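Data block below; observations after.
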Amino acid sequence: MNPPLRATYRLQFHRGFTFADAEALVPYLAELGISHLYASPITMAVPGSTHGYDVADPTRINPELGGEEGFARLAAALAARGLGVLLDIVPNHMAASSHNPFWNDMLEGGPGSPAARVFDVKWESGRLLLPLLGDPLKATLEAGSLSLEADYALGRINVAYADHRFPLRAASVAALLRAAGLEAAAAGFERVEASPSDAGLGAARVVFTGLGESERAALDTALAGADLAALLEAQHWRLAWWRTAAHDLNYRRFFNITDLAGVRVEDPEVFDLVHRLPLDLIRRGLVHGLRIDHIDGLVDPAGYCDRLRAAVGAGVPLLVEKILEPGEVLRPWPIEGTTGYERMNDINALCVDPEGYRRFEEDLRTRHLLIGALPERLASAKRQVLEASLKAEVDILATLAREGLDEAMQAGDLTDTAIRDGVVALLAHCPVYRSYATPNGHAPEDVAIWEEIRARIEANENPLTTAAATLLLQRVEHPERPSDHEFRSRFQQLSGPAMAKGFEDTELYRYPVLLCANEVGGSLDHPARTAEEMHALYAARAQAGLSDLIPLATHDTKRGPGPRARLAALSHQPEHWLAFTEEARELVAPLLREEAGMAMPDPLDAHMIVQTLVSAWPITAERMAGYITKALREAKRHSNWETPNAPYEEACLAFAAALIEAPEAAGFRERLGALVAEIAPAGRLVGLTQLILQHTLPGTPDLYQGTEFRDFSLVDPDNRRPVDWTARQAALRGEEPNEAGDAEYFRLTRALLALRNRNAALTGGDYRPLDLDPGRVGWFGFERWRGEEAVRVVVPTRLPADAGEVALPDELIAPGWRVLDALGPDAPFLIAERGAAG
């Protein structure tokens, strides 16, 4: 019997935090009040993986985490306390790694290998490119960095490079064995090359692994004297300098990560392989729900969901990682919902004052730190990543787009360059992550996406590019040939990475108006939401019966709930921020470097650094350094991951460190501390409001590890620091945390989880808006009803400067309701319940 999905708790597993560590926390998690442990991927990953998404073998549980026995013990401990497991699975990609047996089998056997069907490789373009070398191939060979070595345990001969191993094809193995005088062993591999079969390869390997000591010595001698350059030319794969990946790649990647190779999960046999382990764990009652990573990377997300639902049956929650843009509605897939980025951003936007945000943006534009309208800025950012880190994928799509267009191109005087420009334009102007057309048809929502692309292109592109893009859109909307269908499929798979890299990993780091709005799944066009918008959204979601997760933090968020709440509160008091930034510019000016007439950091990056300090203060220079390095490289204005600008980065890190530690910045820190103190009352209330909404709006609250205390983390790796479990277990026993704010936050979290466990209205009830006068505070309220059980919630969302004096109007407390007083009787919140359980 699967436990009902009421609240999840996300744990990040790695070799520093194993199943045994989680097992020790089971009593704590049970008493906290969750229903499911939400586990990061547990399959065999690349050794030392800190996240598990670099899957090396999807059929095995990672021994670094405790293996199958360790997971079984954890699942049993959870079951004994009535808790289930929601498991994160990765159907889109695997590690392109020597530790991946399927990848190795494909390298060895080439396109004829059974393993070749697992990966999304365009073999027709030539040998599989492996862009892993630190230098060009010729220089690597001359440096002696490549060598041959025999693997007598597996019966292979590999090219070795650092910690990488690349297996040679059967013909090359046979030639080397013959050179060593091992004729019998060579014959087996020659037969495999002539007629590939698993049985033949297995027999050849048995002979290889059985070689005696003298035979092995002869082979080692032959390997040492072999013509390595000639051998490399004969393989199914081609080694190359890592920088070639952006220009010449023939397998689909996860975004622009070369060592994560796309998987063809649309193939039924590959689907069965990838899901063998999670389906077995579900059948055995060890796992009770699945979270599907990056569903937009698949060829056919709808078909995938149908197949997965049929495999798991009814009653097993399926939640997909899917980013919905404002106004976009989840397609009618047979799932329980999404992992909730849109929910998190809705809650944040409800607490952002639109007038404050407008004034902040106006200030930056007046100072010429922000230029251009948002749609054009996003298209430019997407174009930049498409022509840099995703150039190889664009080239593949452009080649595919060109097929069968000779007559149409001649009629329209369109060149190959125009077609490629048209492909880039389609991707740059796509307003959402993707459309979902299949060979079986498409929906009106898909047509609306394509029409929006067409309108944006016509408004922004030159006539030649527009003509080419229009021709390509016709292929997308009305495919006739097989190449049309493949073009559309590949376009849909690439538009998501273009949006993710262009928006999440570029523009969000370039537009520091109010960084709480710069979040995964967020929208700079819609940084604030009205009460009316929220009511409409959540009434519809309750009616749809979805159980989407509602996080306030995840392993992928740009900042934790603490910084987000503090910055949202800042928008309620814009004069405080504007006055502070004007003073701060004078206070920090002596700490700026100048080179070639340019300040380092430049004014926009300095603004970003100062705002980040406000959001997370107090913070160490070390933590800020990690954040700033990532922010600068993602923004791609003065630095990037491929070619870091060391002088500029060093100047920015030194600037931030000086602001935090240097005696000459004491005046700045004094003013910073004063600002943080000024907005602290409002920040506290916003943080508590967001926590209450997380647990009471339609959906399923998802707690990221450790965030039952206040969390002021920044983007990863900062948000993956070790959690102080001892302090949280002590709080559960009633001991006060060191920080009073943590105690309040923890008490409220426990009370809300207990409320969810006893009142059915929060796990399936409807949604009824309360018609409240927002007044100067901005009250927001609703009721949830299920039968005779109900919950009423009223929270403040717009807070004046004297936030510490906000009081809940007496008329909101109605007779017959039992008030939850976890925050004390004077707190400006109403959480009340009624009915049999209340």
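Ligands are numbered from 1 in the order shown, chains are lettered A, B, ... in the order of the structure tokens, and residues start at 1 in each chain.
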
Polymer residues at most 12 Å from region 483-490 of chain A, only C-alpha atoms, same-chain spacing of 5 or more positions, as an MDAnalysis selection string: chainID A and resid 120 122 251:252 266 296:301 393:405 423 426:427 434:442 446 450 471:478 495:497

Residues within 10 Å of His294 (chain A), only C-alpha atoms, excluding chain neighbours under 3 positions, as a list in words: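 Skipping anything fewer than 3 positions along the chain leaves Ile89, Val90, Pro91, Asn92, His93, Phe254, Arg291, Gly297, Leu298, Pro301, Val320, Glu321, Lys322, Ile323 and Gly496 of chain A.
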
Could you write out that same residue set with all heavy atoms as a compact mmCIF listing (two decimals), in the first residue's frame?
```txt
# COMPACT_ATOMS: atom_id res chain seq x y z
N ILE A 89 14.62 9.82 -11.21
CA ILE A 89 15.22 8.99 -12.26
C ILE A 89 15.61 9.86 -13.45
O ILE A 89 15.08 10.96 -13.64
CB ILE A 89 14.28 7.84 -12.71
CG1 ILE A 89 13.00 8.41 -13.34
CG2 ILE A 89 13.95 6.93 -11.54
CD1 ILE A 89 12.13 7.35 -14.01
N VAL A 90 16.54 9.34 -14.26
CA VAL A 90 17.16 10.14 -15.33
C VAL A 90 17.02 9.40 -16.66
O VAL A 90 17.91 8.64 -17.05
CB VAL A 90 18.66 10.40 -15.02
CG1 VAL A 90 19.24 11.41 -16.01
CG2 VAL A 90 18.85 10.87 -13.59
N PRO A 91 15.91 9.60 -17.37
CA PRO A 91 15.73 8.87 -18.63
C PRO A 91 16.36 9.54 -19.84
O PRO A 91 16.45 8.91 -20.90
CB PRO A 91 14.21 8.85 -18.78
CG PRO A 91 13.75 10.12 -18.14
CD PRO A 91 14.70 10.35 -16.99
N ASN A 92 16.80 10.78 -19.72
CA ASN A 92 17.25 11.53 -20.89
C ASN A 92 18.70 11.31 -21.26
O ASN A 92 19.06 11.39 -22.43
CB ASN A 92 17.03 13.03 -20.65
CG ASN A 92 17.57 13.88 -21.78
OD1 ASN A 92 17.04 13.87 -22.88
ND2 ASN A 92 18.64 14.61 -21.52
N HIS A 93 19.56 11.01 -20.29
CA HIS A 93 20.99 10.94 -20.59
C HIS A 93 21.72 10.00 -19.65
O HIS A 93 21.21 9.62 -18.60
CB HIS A 93 21.62 12.34 -20.52
CG HIS A 93 21.37 13.03 -19.21
ND1 HIS A 93 20.30 13.88 -19.00
CD2 HIS A 93 22.04 13.01 -18.02
CE1 HIS A 93 20.32 14.33 -17.76
NE2 HIS A 93 21.37 13.82 -17.15
N PHE A 254 23.25 16.41 -22.96
CA PHE A 254 22.39 17.11 -22.02
C PHE A 254 22.86 18.56 -22.01
O PHE A 254 23.96 18.86 -21.53
CB PHE A 254 22.48 16.50 -20.62
CG PHE A 254 21.78 17.30 -19.55
CD1 PHE A 254 20.41 17.43 -19.55
CD2 PHE A 254 22.51 17.94 -18.56
CE1 PHE A 254 19.76 18.18 -18.59
CE2 PHE A 254 21.88 18.69 -17.58
CZ PHE A 254 20.50 18.81 -17.59
N ARG A 291 10.16 10.79 -9.76
CA ARG A 291 10.38 12.13 -10.27
C ARG A 291 11.22 11.99 -11.53
O ARG A 291 12.30 11.40 -11.50
CB ARG A 291 11.11 12.98 -9.22
CG ARG A 291 11.37 14.43 -9.61
CD ARG A 291 12.77 14.63 -10.15
NE ARG A 291 13.15 16.05 -10.16
CZ ARG A 291 14.21 16.53 -10.78
NH1 ARG A 291 15.03 15.73 -11.45
NH2 ARG A 291 14.49 17.81 -10.72
N GLY A 297 13.74 16.93 -22.63
CA GLY A 297 14.80 16.46 -23.50
C GLY A 297 14.41 15.26 -24.34
O GLY A 297 15.13 14.88 -25.27
N LEU A 298 13.26 14.65 -24.03
CA LEU A 298 12.86 13.43 -24.72
C LEU A 298 12.20 13.75 -26.06
O LEU A 298 11.66 14.84 -26.26
CB LEU A 298 11.89 12.63 -23.85
CG LEU A 298 12.35 12.35 -22.41
CD1 LEU A 298 11.33 11.48 -21.70
CD2 LEU A 298 13.73 11.70 -22.39
N PRO A 301 7.64 13.47 -24.90
CA PRO A 301 7.29 13.41 -23.48
C PRO A 301 5.92 12.80 -23.20
O PRO A 301 5.75 12.06 -22.23
CB PRO A 301 7.35 14.87 -23.05
CG PRO A 301 8.35 15.49 -23.97
CD PRO A 301 8.09 14.81 -25.29
N VAL A 320 7.08 15.35 -12.99
CA VAL A 320 8.07 15.62 -14.02
C VAL A 320 8.75 16.97 -13.78
O VAL A 320 8.11 17.92 -13.32
CB VAL A 320 7.44 15.61 -15.43
CG1 VAL A 320 6.82 14.25 -15.72
CG2 VAL A 320 6.41 16.71 -15.61
N GLU A 321 10.05 17.01 -14.05
CA GLU A 321 10.76 18.28 -14.04
C GLU A 321 10.43 19.00 -15.34
O GLU A 321 10.96 18.67 -16.39
CB GLU A 321 12.27 18.06 -13.91
CG GLU A 321 13.02 19.38 -13.77
CD GLU A 321 14.51 19.24 -13.96
OE1 GLU A 321 14.94 18.37 -14.73
OE2 GLU A 321 15.24 20.02 -13.35
N LYS A 322 9.53 19.96 -15.23
CA LYS A 322 9.05 20.68 -16.40
C LYS A 322 8.86 22.14 -16.02
O LYS A 322 8.16 22.44 -15.06
CB LYS A 322 7.72 20.08 -16.87
CG LYS A 322 6.91 20.97 -17.81
CD LYS A 322 7.62 21.23 -19.10
CE LYS A 322 6.91 22.32 -19.92
NZ LYS A 322 7.77 22.87 -20.98
N ILE A 323 9.51 23.03 -16.74
CA ILE A 323 9.38 24.46 -16.47
C ILE A 323 8.27 25.03 -17.34
O ILE A 323 8.32 24.94 -18.56
CB ILE A 323 10.72 25.18 -16.70
CG1 ILE A 323 11.72 24.73 -15.63
CG2 ILE A 323 10.53 26.68 -16.66
CD1 ILE A 323 13.10 25.27 -15.81
N GLY A 496 14.51 23.63 -25.79
CA GLY A 496 14.62 23.65 -24.33
C GLY A 496 16.01 24.03 -23.84
O GLY A 496 16.15 24.95 -23.02
```

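Residues within 9 Å of Gln690 (chain A), counting only C-alpha atoms and excluding same-chain residues fewer than 4 positions away, are Met344, Ile347, Asn348, Cys351, Leu552, Pro561, Ala565, Leu685, Val686, Gln694, His695, Val795 and Thr797 of chain A.
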
Residues within 7 Å of region 367-382 of chain A, only C-alpha atoms, excluding chain neighbours under 5 positions, as a PyMOL selection string: chain A and resi 428-429+498-499+502-503+506-507+604

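Take CA of Pro800 (chain A) and CA of Glu670 (chain A): the distance between them is 23.4 Å.
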
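Residue nearest Asn104 (chain A), chosen from A:Pro167, A:Gly597, A:Gly313, A:Gly673 and counting only C-alpha atoms: A:Pro167.
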
Non-local contacts of Val159 (chain A) (8 Å; only C-alpha atoms; under 4 positions in same chain excluded) as a count of residues only: 8

Contacts of His572 (chain A) within 12 Å, only C-alpha atoms, excl. fewer than 2 positions in-chain, as an MDAnalysis selection string: chainID A and resid 350:360 514 528 565:570 574:578 678:679 681:683 685:686 776:778 796:803

Selection above as a file: N, CA and C atoms, as a compact mmCIF listing (two decimals), in the first residue's frame:
```txt
# COMPACT_ATOMS: atom_id res chain seq x y z
N LEU A 350 4.01 36.74 -5.61
CA LEU A 350 2.93 37.32 -4.81
C LEU A 350 3.47 38.27 -3.75
N CYS A 351 4.71 38.03 -3.31
CA CYS A 351 5.32 38.83 -2.25
C CYS A 351 6.22 39.94 -2.77
N VAL A 352 6.31 40.09 -4.08
CA VAL A 352 7.09 41.18 -4.68
C VAL A 352 6.15 42.33 -5.00
N ASP A 353 6.52 43.51 -4.54
CA ASP A 353 5.71 44.69 -4.83
C ASP A 353 6.03 45.19 -6.24
N PRO A 354 5.04 45.25 -7.13
CA PRO A 354 5.34 45.64 -8.52
C PRO A 354 5.87 47.06 -8.65
N GLU A 355 5.40 47.96 -7.79
CA GLU A 355 5.88 49.34 -7.87
C GLU A 355 7.34 49.43 -7.44
N GLY A 356 7.70 48.70 -6.38
CA GLY A 356 9.10 48.67 -5.97
C GLY A 356 9.99 48.10 -7.05
N TYR A 357 9.55 47.01 -7.68
CA TYR A 357 10.34 46.41 -8.76
C TYR A 357 10.49 47.41 -9.90
N ARG A 358 9.39 48.10 -10.25
CA ARG A 358 9.45 49.07 -11.35
C ARG A 358 10.46 50.17 -11.06
N ARG A 359 10.50 50.63 -9.81
CA ARG A 359 11.44 51.70 -9.46
C ARG A 359 12.89 51.21 -9.51
N PHE A 360 13.11 49.97 -9.11
CA PHE A 360 14.47 49.42 -9.16
C PHE A 360 14.93 49.30 -10.61
N LEU A 514 16.02 42.77 -9.20
CA LEU A 514 15.69 42.22 -7.89
C LEU A 514 15.90 40.72 -8.00
N ALA A 528 6.00 40.03 -10.48
CA ALA A 528 5.03 40.17 -9.39
C ALA A 528 3.69 39.61 -9.84
N ALA A 565 13.20 35.80 0.29
CA ALA A 565 12.23 36.53 1.10
C ALA A 565 12.74 37.92 1.45
N ARG A 566 14.02 38.03 1.78
CA ARG A 566 14.58 39.33 2.15
C ARG A 566 14.52 40.31 0.98
N LEU A 567 14.82 39.82 -0.22
CA LEU A 567 14.79 40.70 -1.38
C LEU A 567 13.36 41.07 -1.77
N ALA A 568 12.43 40.11 -1.63
CA ALA A 568 11.02 40.44 -1.89
C ALA A 568 10.57 41.54 -0.94
N ALA A 569 10.97 41.45 0.33
CA ALA A 569 10.61 42.47 1.31
C ALA A 569 11.23 43.82 0.95
N LEU A 570 12.41 43.78 0.34
CA LEU A 570 13.06 45.02 -0.07
C LEU A 570 12.22 45.78 -1.07
N PRO A 574 11.09 50.48 -1.34
CA PRO A 574 12.07 50.83 -2.39
C PRO A 574 12.98 51.99 -2.02
N GLU A 575 12.47 52.92 -1.23
CA GLU A 575 13.30 54.07 -0.88
C GLU A 575 14.52 53.66 -0.07
N HIS A 576 14.40 52.59 0.74
CA HIS A 576 15.54 52.11 1.52
C HIS A 576 16.65 51.60 0.59
N TRP A 577 16.24 50.82 -0.41
CA TRP A 577 17.23 50.24 -1.33
C TRP A 577 17.86 51.32 -2.21
N LEU A 578 17.06 52.22 -2.74
CA LEU A 578 17.60 53.26 -3.61
C LEU A 578 18.55 54.18 -2.87
N GLU A 678 16.93 47.16 8.95
CA GLU A 678 15.72 47.91 8.61
C GLU A 678 14.67 47.01 7.95
N ILE A 679 15.12 46.13 7.09
CA ILE A 679 14.16 45.29 6.36
C ILE A 679 13.93 43.95 7.04
N PRO A 681 12.29 42.98 9.83
CA PRO A 681 10.91 42.62 10.20
C PRO A 681 10.07 42.21 9.00
N ALA A 682 10.18 42.96 7.91
CA ALA A 682 9.43 42.60 6.71
C ALA A 682 9.94 41.31 6.11
N GLY A 683 11.26 41.12 6.09
CA GLY A 683 11.83 39.89 5.57
C GLY A 683 11.36 38.67 6.34
N LEU A 685 8.50 38.36 7.99
CA LEU A 685 7.10 38.09 7.68
C LEU A 685 6.93 37.50 6.28
N VAL A 686 7.69 37.99 5.32
CA VAL A 686 7.62 37.41 3.97
C VAL A 686 8.06 35.96 4.01
N ARG A 776 -3.18 48.56 3.23
CA ARG A 776 -1.76 48.92 3.14
C ARG A 776 -0.85 47.72 3.35
N VAL A 777 -1.41 46.62 3.82
CA VAL A 777 -0.60 45.43 4.09
C VAL A 777 -0.63 44.46 2.91
N GLY A 778 -1.76 44.36 2.24
CA GLY A 778 -1.84 43.41 1.14
C GLY A 778 -2.23 42.04 1.62
N PRO A 796 -0.03 38.18 5.14
CA PRO A 796 0.32 39.48 4.55
C PRO A 796 1.31 39.30 3.41
N THR A 797 1.10 40.01 2.31
CA THR A 797 2.01 39.88 1.16
C THR A 797 2.65 41.20 0.74
N ARG A 798 2.12 42.32 1.14
CA ARG A 798 2.72 43.63 0.88
C ARG A 798 2.88 44.33 2.22
N LEU A 799 4.09 44.65 2.61
CA LEU A 799 4.36 45.10 3.97
C LEU A 799 4.91 46.52 3.98
N PRO A 800 4.36 47.39 4.82
CA PRO A 800 4.89 48.75 4.92
C PRO A 800 6.19 48.78 5.71
N ALA A 801 6.78 49.94 5.78
CA ALA A 801 8.07 50.07 6.47
C ALA A 801 7.98 49.66 7.93
N ASP A 802 6.82 49.91 8.58
CA ASP A 802 6.66 49.52 9.98
C ASP A 802 6.08 48.12 10.08
N ALA A 803 6.73 47.16 9.37
CA ALA A 803 6.21 45.80 9.29
C ALA A 803 6.07 45.14 10.65
```

Selected residue of minimal separation from Gly155 (chain A) among A:Thr209, A:Asn460, A:Ser197, A:Asn719, counting only C-alpha atoms: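 Ranking A:Thr209, A:Asn460, A:Ser197, A:Asn719 by distance to Gly155 (chain A), first place goes to A:Thr209.
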
All alpha helix (DSSP H) positions in region 13-198 of chain A, as a PyMOL selection string: chain A and resi 19-32+67-80+101-109+137-142+170-179+183-194+198
